[in-house]
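S.K.: Structure: my_file04.pdb, PDB, C-alpha atoms.
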ATOM      1  CA  MET B   1     101.430  86.515 216.664  1.00  0.00           C
ATOM      2  CA  ASN B   2     104.868  85.172 217.483  1.00  0.00           C
ATOM      3  CA  PHE B   3     106.007  81.913 215.877  1.00  0.00           C
ATOM      4  CA  ASN B   4     107.930  80.999 219.040  1.00  0.00           C
ATOM      5  CA  ASP B   5     104.736  81.138 221.129  1.00  0.00           C
ATOM      6  CA  ILE B   6     103.167  78.346 219.091  1.00  0.00           C
ATOM      7  CA  LYS B   7     103.661  74.928 220.645  1.00  0.00           C
ATOM      8  CA  LEU B   8     101.359  72.923 218.365  1.00  0.00           C
ATOM      9  CA  PHE B   9     100.096  73.309 214.805  1.00  0.00           C
ATOM     10  CA  VAL B  10      96.818  71.465 214.165  1.00  0.00           C
ATOM     11  CA  PHE B  11      95.527  70.971 210.633  1.00  0.00           C
ATOM     12  CA  ASP B  12      92.193  69.679 209.447  1.00  0.00           C
ATOM     13  CA  PHE B  13      92.612  67.419 206.418  1.00  0.00           C
ATOM     14  CA  ASP B  14      89.665  67.749 204.024  1.00  0.00           C
ATOM     15  CA  GLY B  15      89.362  71.320 202.808  1.00  0.00           C
ATOM     16  CA  VAL B  16      92.747  72.371 204.204  1.00  0.00           C
ATOM     17  CA  LEU B  17      95.250  69.863 202.825  1.00  0.00           C
ATOM     18  CA  THR B  18      92.787  69.002 200.041  1.00  0.00           C
ATOM     19  CA  ASN B  19      90.440  71.098 197.933  1.00  0.00           C
ATOM     20  CA  ASN B  20      87.537  69.397 199.759  1.00  0.00           C
ATOM     21  CA  LYS B  21      86.747  67.307 196.689  1.00  0.00           C
ATOM     22  CA  PHE B  22      87.423  63.681 195.960  1.00  0.00           C
ATOM     23  CA  PHE B  23      87.446  61.374 192.987  1.00  0.00           C
ATOM     24  CA  LEU B  24      85.477  58.132 193.165  1.00  0.00           C
ATOM     25  CA  ASP B  25      85.992  55.505 190.491  1.00  0.00           C
ATOM     26  CA  GLU B  26      83.633  52.721 189.410  1.00  0.00           C
ATOM     27  CA  ASN B  27      85.339  50.344 191.848  1.00  0.00           C
ATOM     28  CA  GLY B  28      84.638  52.590 194.808  1.00  0.00           C
ATOM     29  CA  ILE B  29      88.271  53.726 195.046  1.00  0.00           C
ATOM     30  CA  GLU B  30      88.552  57.229 196.476  1.00  0.00           C
ATOM     31  CA  SER B  31      91.373  59.662 195.808  1.00  0.00           C
ATOM     32  CA  VAL B  32      92.069  63.297 196.638  1.00  0.00           C
ATOM     33  CA  GLN B  33      94.318  66.053 195.360  1.00  0.00           C
ATOM     34  CA  LEU B  34      97.064  67.391 197.639  1.00  0.00           C
ATOM     35  CA  SER B  35      99.713  70.075 197.242  1.00  0.00           C
ATOM     36  CA  ARG B  36     103.373  69.037 197.231  1.00  0.00           C
ATOM     37  CA  SER B  37     104.300  72.519 198.443  1.00  0.00           C
ATOM     38  CA  ASP B  38     102.519  71.720 201.703  1.00  0.00           C
ATOM     39  CA  GLY B  39     104.798  68.717 202.103  1.00  0.00           C
ATOM     40  CA  LEU B  40     107.832  70.980 202.123  1.00  0.00           C
ATOM     41  CA  ALA B  41     106.102  73.293 204.593  1.00  0.00           C
ATOM     42  CA  PHE B  42     105.535  70.360 206.970  1.00  0.00           C
ATOM     43  CA  SER B  43     109.253  69.540 206.697  1.00  0.00           C
ATOM     44  CA  ILE B  44     110.086  73.109 207.687  1.00  0.00           C
ATOM     45  CA  LEU B  45     107.811  72.936 210.751  1.00  0.00           C
ATOM     46  CA  LYS B  46     109.540  69.746 211.856  1.00  0.00           C
ATOM     47  CA  LYS B  47     113.015  71.247 211.261  1.00  0.00           C
ATOM     48  CA  LEU B  48     111.961  74.190 213.426  1.00  0.00           C
ATOM     49  CA  ASN B  49     110.930  71.747 216.176  1.00  0.00           C
ATOM     50  CA  LYS B  50     107.221  72.462 216.014  1.00  0.00           C
ATOM     51  CA  LYS B  51     104.769  69.795 217.071  1.00  0.00           C
ATOM     52  CA  VAL B  52     102.252  69.066 214.293  1.00  0.00           C
ATOM     53  CA  LEU B  53      98.959  67.182 214.316  1.00  0.00           C
ATOM     54  CA  ILE B  54      96.427  66.371 211.605  1.00  0.00           C
ATOM     55  CA  LEU B  55      92.953  66.197 213.150  1.00  0.00           C
ATOM     56  CA  SER B  56      90.200  64.787 210.952  1.00  0.00           C
ATOM     57  CA  THR B  57      86.569  63.929 211.558  1.00  0.00           C
ATOM     58  CA  GLU B  58      86.627  61.370 208.777  1.00  0.00           C
ATOM     59  CA  LYS B  59      88.514  58.112 209.087  1.00  0.00           C
ATOM     60  CA  ASN B  60      90.157  57.420 205.770  1.00  0.00           C
ATOM     61  CA  PRO B  61      93.273  55.495 204.690  1.00  0.00           C
ATOM     62  CA  ILE B  62      94.263  58.490 202.538  1.00  0.00           C
ATOM     63  CA  VAL B  63      94.664  60.610 205.689  1.00  0.00           C
ATOM     64  CA  THR B  64      96.856  57.918 207.254  1.00  0.00           C
ATOM     65  CA  LEU B  65      98.990  57.581 204.127  1.00  0.00           C
ATOM     66  CA  ARG B  66      99.591  61.326 203.897  1.00  0.00           C
ATOM     67  CA  ALA B  67     100.344  61.691 207.605  1.00  0.00           C
ATOM     68  CA  ASN B  68     102.799  58.789 207.428  1.00  0.00           C
ATOM     69  CA  LYS B  69     104.532  60.275 204.391  1.00  0.00           C
ATOM     70  CA  LEU B  70     104.801  63.628 206.180  1.00  0.00           C
ATOM     71  CA  ASN B  71     105.888  61.886 209.409  1.00  0.00           C
ATOM     72  CA  VAL B  72     103.150  63.764 211.285  1.00  0.00           C
ATOM     73  CA  GLU B  73     100.865  62.618 214.088  1.00  0.00           C
ATOM     74  CA  VAL B  74      97.262  62.064 213.064  1.00  0.00           C
ATOM     75  CA  ILE B  75      94.003  61.590 214.911  1.00  0.00           C
ATOM     76  CA  GLN B  76      91.058  60.750 212.731  1.00  0.00           C
ATOM     77  CA  GLY B  77      87.525  59.520 213.074  1.00  0.00           C
ATOM     78  CA  CYS B  78      86.829  61.927 215.938  1.00  0.00           C
ATOM     79  CA  LYS B  79      83.253  63.119 216.270  1.00  0.00           C
ATOM     80  CA  ASP B  80      84.085  66.037 218.569  1.00  0.00           C
ATOM     81  CA  LYS B  81      87.328  67.780 217.620  1.00  0.00           C
ATOM     82  CA  LEU B  82      87.298  70.034 220.676  1.00  0.00           C
ATOM     83  CA  ASP B  83      86.985  67.124 223.106  1.00  0.00           C
ATOM     84  CA  THR B  84      89.625  65.151 221.210  1.00  0.00           C
ATOM     85  CA  LEU B  85      92.048  68.077 221.246  1.00  0.00           C
ATOM     86  CA  LYS B  86      91.423  68.684 224.966  1.00  0.00           C
ATOM     87  CA  LYS B  87      92.529  65.113 225.701  1.00  0.00           C
ATOM     88  CA  TYR B  88      95.528  65.432 223.406  1.00  0.00           C
ATOM     89  CA  ILE B  89      96.824  68.660 224.922  1.00  0.00           C
ATOM     90  CA  LYS B  90      96.314  67.409 228.463  1.00  0.00           C
ATOM     91  CA  LYS B  91      98.387  64.329 227.643  1.00  0.00           C
ATOM     92  CA  ASN B  92     101.071  66.466 225.941  1.00  0.00           C
ATOM     93  CA  GLN B  93     101.036  69.320 228.484  1.00  0.00           C
ATOM     94  CA  ILE B  94     100.115  72.035 225.985  1.00  0.00           C
ATOM     95  CA  ASN B  95      97.531  74.743 226.553  1.00  0.00           C
ATOM     96  CA  PHE B  96      95.062  76.140 224.039  1.00  0.00           C
ATOM     97  CA  ALA B  97      96.843  79.512 223.981  1.00  0.00           C
ATOM     98  CA  GLY B  98      99.836  77.883 222.260  1.00  0.00           C
ATOM     99  CA  ILE B  99      97.858  76.179 219.490  1.00  0.00           C
ATOM    100  CA  PHE B 100      97.638  77.358 215.894  1.00  0.00           C
ATOM    101  CA  TYR B 101      94.599  75.677 214.340  1.00  0.00           C
ATOM    102  CA  VAL B 102      93.765  75.594 210.628  1.00  0.00           C
ATOM    103  CA  GLY B 103      90.271  74.505 209.629  1.00  0.00           C
ATOM    104  CA  ASN B 104      87.696  75.216 206.967  1.00  0.00           C
ATOM    105  CA  ASP B 105      84.246  73.989 207.940  1.00  0.00           C
ATOM    106  CA  LEU B 106      81.669  73.961 210.708  1.00  0.00           C
ATOM    107  CA  ASN B 107      83.138  70.901 212.430  1.00  0.00           C
ATOM    108  CA  ASP B 108      86.182  73.101 213.147  1.00  0.00           C
ATOM    109  CA  LEU B 109      84.210  76.013 214.606  1.00  0.00           C
ATOM    110  CA  HIS B 110      84.234  75.178 218.336  1.00  0.00           C
ATOM    111  CA  VAL B 111      87.819  73.987 218.449  1.00  0.00           C
ATOM    112  CA  MET B 112      89.044  77.052 216.519  1.00  0.00           C
ATOM    113  CA  LYS B 113      87.317  79.360 218.993  1.00  0.00           C
ATOM    114  CA  ASN B 114      89.352  77.795 221.820  1.00  0.00           C
ATOM    115  CA  CYS B 115      92.786  77.943 220.206  1.00  0.00           C
ATOM    116  CA  GLY B 116      95.153  80.866 220.645  1.00  0.00           C
ATOM    117  CA  TYR B 117      95.688  81.314 216.912  1.00  0.00           C
ATOM    118  CA  SER B 118      93.756  80.238 213.855  1.00  0.00           C
ATOM    119  CA  ALA B 119      93.686  80.460 210.093  1.00  0.00           C
ATOM    120  CA  CYS B 120      91.473  79.191 207.332  1.00  0.00           C
ATOM    121  CA  PRO B 121      91.693  78.770 203.568  1.00  0.00           C
ATOM    122  CA  ASN B 122      90.035  81.452 201.457  1.00  0.00           C
ATOM    123  CA  ASP B 123      87.239  79.098 200.377  1.00  0.00           C
ATOM    124  CA  SER B 124      86.220  78.163 203.935  1.00  0.00           C
ATOM    125  CA  HIS B 125      82.657  78.308 205.244  1.00  0.00           C
ATOM    126  CA  TYR B 126      81.701  81.919 205.966  1.00  0.00           C
ATOM    127  CA  LYS B 127      81.304  81.252 209.710  1.00  0.00           C
ATOM    128  CA  ILE B 128      84.866  79.932 209.840  1.00  0.00           C
ATOM    129  CA  ARG B 129      86.166  82.987 207.973  1.00  0.00           C
ATOM    130  CA  GLN B 130      84.381  85.184 210.542  1.00  0.00           C
ATOM    131  CA  ILE B 131      86.152  83.656 213.546  1.00  0.00           C
ATOM    132  CA  ALA B 132      89.602  82.870 212.092  1.00  0.00           C
ATOM    133  CA  ASN B 133      92.429  85.202 213.039  1.00  0.00           C
ATOM    134  CA  ASN B 134      93.702  84.900 209.475  1.00  0.00           C
ATOM    135  CA  THR B 135      91.915  84.144 206.223  1.00  0.00           C
ATOM    136  CA  LEU B 136      94.512  83.021 203.720  1.00  0.00           C
ATOM    137  CA  SER B 137      94.586  83.901 200.037  1.00  0.00           C
ATOM    138  CA  SER B 138      94.973  80.256 199.017  1.00  0.00           C
ATOM    139  CA  ASN B 139      92.064  77.850 198.818  1.00  0.00           C
ATOM    140  CA  GLY B 140      92.120  74.436 200.439  1.00  0.00           C
ATOM    141  CA  GLY B 141      94.522  72.032 198.757  1.00  0.00           C
ATOM    142  CA  GLU B 142      96.440  74.833 197.075  1.00  0.00           C
ATOM    143  CA  GLY B 143      99.388  75.257 199.430  1.00  0.00           C
ATOM    144  CA  VAL B 144      97.675  76.478 202.596  1.00  0.00           C
ATOM    145  CA  ILE B 145     100.454  75.333 204.927  1.00  0.00           C
ATOM    146  CA  ARG B 146     103.118  76.750 202.601  1.00  0.00           C
ATOM    147  CA  GLU B 147     101.330  80.129 202.662  1.00  0.00           C
ATOM    148  CA  ILE B 148     101.242  80.066 206.460  1.00  0.00           C
ATOM    149  CA  ILE B 149     104.983  79.407 206.666  1.00  0.00           C
ATOM    150  CA  GLU B 150     106.114  81.863 203.982  1.00  0.00           C
ATOM    151  CA  ASN B 151     103.555  84.661 204.099  1.00  0.00           C
ATOM    152  CA  LEU B 152     102.071  84.647 207.585  1.00  0.00           C
ATOM    153  CA  PHE B 153     105.252  83.864 209.514  1.00  0.00           C
ATOM    154  CA  LYS B 154     107.690  85.255 206.911  1.00  0.00           C
ATOM    155  CA  ILE B 155     109.923  82.185 207.117  1.00  0.00           C
ATOM    156  CA  LYS B 156     112.175  81.962 204.098  1.00  0.00           C
ATOM    157  CA  ILE B 157     112.345  78.428 202.802  1.00  0.00           C
ATOM    158  CA  GLU B 158     115.947  78.037 201.808  1.00  0.00           C
ATOM    159  CA  LYS B 159     118.056  74.985 201.250  1.00  0.00           C
ATOM    160  CA  GLU B 160     119.754  75.384 204.649  1.00  0.00           C
ATOM    161  CA  ILE B 161     116.436  74.887 206.445  1.00  0.00           C
ATOM    162  CA  TRP B 162     115.292  71.760 204.672  1.00  0.00           C
TER     163      TRP B 162
END
I need this file expressed as structure tokens, please.
M.R.:
Amino acid sequence: MNFNDIKLFVFDFDGVLTNNKFFLDENGIESVQLSRSDGLAFSILKKLNKKVLILSTEKNPIVTLRANKLNVEVIQGCKDKLDTLKKYIKKNQINFAGIFYVGNDLNDLHVMKNCGYSACPNDSHYKIRQIANNTLSSNGGEGVIREIIENLFKIKIEKEIW
């Protein structure tokens, strides 16, 4: 797998950027836990001119807030991730062979099978672990994107890059 061959990185949100858990208070306010180290990894991808997309089945203001803070494109509330990604790549003139997809659960299964490269957190559904090109050592929400950058692609995060 060559980093230069990847034209688009696509990340699921829940279970990849989060630990797939949420907090719900008595007022119905939802919150999630995210890893700051992933934020730096997103900055590195942008500095290296990689197109990045967060693709989420759920529509949630938390996803929007995080994507905005990371300055990353986001599509959420999609029922069929494969169909949604097909439309996106047609519009952006990218083919599936150049996509690196990171997902963790069954709603990622069909889209992952179509992408050229894939990875999943260690705590992903067993069917996702079976089809992913790479099963990471980190669990969802524990620096998955950082692990991809540093360990999978061997990119040294140094001050000159970010």
S.K.: Here is a test: counting all atoms listed in the file, which residue of B:Asn95, B:Asn4, B:Gln130, B:Ser138 is nearest to Asn19 in chain B?
M.R.: B:Ser138
S.K.: Residues picked by the PyMOL selection byres ((chain B and resi 119-129) around 8) here, as a tab-separated table (two decimals) with C-alpha atoms, keeping the file's coordinate frame?
M.R.:
chain	number	residue	atom	x	y	z
B	15	GLY	CA	89.36	71.32	202.81
B	16	VAL	CA	92.75	72.37	204.20
B	100	PHE	CA	97.64	77.36	215.89
B	101	TYR	CA	94.60	75.68	214.34
B	102	VAL	CA	93.76	75.59	210.63
B	103	GLY	CA	90.27	74.50	209.63
B	104	ASN	CA	87.70	75.22	206.97
B	105	ASP	CA	84.25	73.99	207.94
B	106	LEU	CA	81.67	73.96	210.71
B	108	ASP	CA	86.18	73.10	213.15
B	109	LEU	CA	84.21	76.01	214.61
B	117	TYR	CA	95.69	81.31	216.91
B	118	SER	CA	93.76	80.24	213.86
B	130	GLN	CA	84.38	85.18	210.54
B	131	ILE	CA	86.15	83.66	213.55
B	132	ALA	CA	89.60	82.87	212.09
B	133	ASN	CA	92.43	85.20	213.04
B	134	ASN	CA	93.70	84.90	209.48
B	135	THR	CA	91.92	84.14	206.22
B	136	LEU	CA	94.51	83.02	203.72
B	137	SER	CA	94.59	83.90	200.04
B	138	SER	CA	94.97	80.26	199.02
B	139	ASN	CA	92.06	77.85	198.82
B	140	GLY	CA	92.12	74.44	200.44
B	144	VAL	CA	97.68	76.48	202.60
S.K.: Translate the PyMOL selection byres ((chain B and resi 42) around 9), as applied to the file shown, into an explicit residue set as a ChimeraX atom specification.
M.R.: /B:37-41,43-47,52,70-72,145-146
S.K.: For each of B:Ile54, B:Val63, B:Met1, B:Leu85, take the minimum atom-to-atom distance to Val32 in chain B, counting all atoms listed in the file, then give the residue where this is smallest.
M.R.: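 Of the candidates, the smallest distance to Val32 in chain B is held by B:Val63.
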S.K.: Given only C-alpha atoms as the basis, pick out the residue of B:Glu30, B:Asp25, B:Glu73, B:Asp83 nearest to Lys50 in chain B.
M.R.: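 Smallest separation from Lys50 in chain B among the options: B:Glu73.
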S.K.: Would you write out, as a compact mmCIF listing (two decimals) with C-alpha atoms, in the frame of the given file, every residue that the PyMOL selection byres ((chain B and resi 82) around 9) captures in this file?
M.R.:
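The resulting file, expr_25.txt, is shown below:
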# COMPACT_ATOMS: atom_id res chain seq x y z
CA ASP B 80 84.08 66.04 218.57
CA LYS B 81 87.33 67.78 217.62
CA ASP B 83 86.98 67.12 223.11
CA THR B 84 89.62 65.15 221.21
CA LEU B 85 92.05 68.08 221.25
CA LYS B 86 91.42 68.68 224.97
CA LYS B 87 92.53 65.11 225.70
CA ASP B 108 86.18 73.10 213.15
CA HIS B 110 84.23 75.18 218.34
CA VAL B 111 87.82 73.99 218.45
CA MET B 112 89.04 77.05 216.52
CA ASN B 114 89.35 77.80 221.82
S.K.: Would you kindly return, as a JSON list (two decimals) with C-alpha atoms, in the coordinates of the input, each protein, DNA or RNA residue with an atom no farther than 10 Å from any atom of Glu58 in chain B, considering all atoms listed in the file and excluding same-chain residues fewer than 4 positions away?
M.R.:
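Result file is part_21.json:
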[["chain", "number", "residue", "atom", "x", "y", "z"],
["B", 13, "PHE", "CA", 92.61, 67.42, 206.42],
["B", 14, "ASP", "CA", 89.66, 67.75, 204.02],
["B", 63, "VAL", "CA", 94.66, 60.61, 205.69],
["B", 75, "ILE", "CA", 94.00, 61.59, 214.91],
["B", 76, "GLN", "CA", 91.06, 60.75, 212.73],
["B", 77, "GLY", "CA", 87.52, 59.52, 213.07],
["B", 78, "CYS", "CA", 86.83, 61.93, 215.94],
["B", 79, "LYS", "CA", 83.25, 63.12, 216.27]]
S.K.: Mind pulling up the distance from CA of Thr57 in chain B to CA of Gln33 in chain B?
M.R.: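 Answer for the CA of Gln33 in chain B to CA of Thr57 in chain B separation: 18.1 Å.
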S.K.: Would you work out the distance separating CA of Ile94 in chain B from CA of Val74 in chain B, expressed in Å to one decimal?
M.R.: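 For CA of Ile94 in chain B relative to CA of Val74 in chain B, the distance reads 16.6 Å.
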S.K.: Nearest to Ile148 in chain B among B:Asn27, B:Lys59, B:Lys51, B:Phe3, with distances taken over only C-alpha atoms: which residue is it?
M.R.: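 Using only C-alpha atoms, Ile148 in chain B sits closest to B:Phe3.
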S.K.: Smallest atom-to-atom distance to Leu8 in chain B: which of B:Asn60, B:Asn107, B:Asn68, B:Gln93, using all atoms listed in the file?
M.R.: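 Nearest to Leu8 in chain B: B:Gln93.
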S.K.: Please enclose the listed atoms of range 11-22 of chain B in an axis-aligned box, pad each side by 5 Å, and write out the centre and the three edge lengths in Å, rounded to one decimal, as AutoDock Vina command-line options.
M.R.:
--center_x 91.1 --center_y 68.0 --center_z 203.3 --size_x 18.8 --size_y 18.7 --size_z 24.7
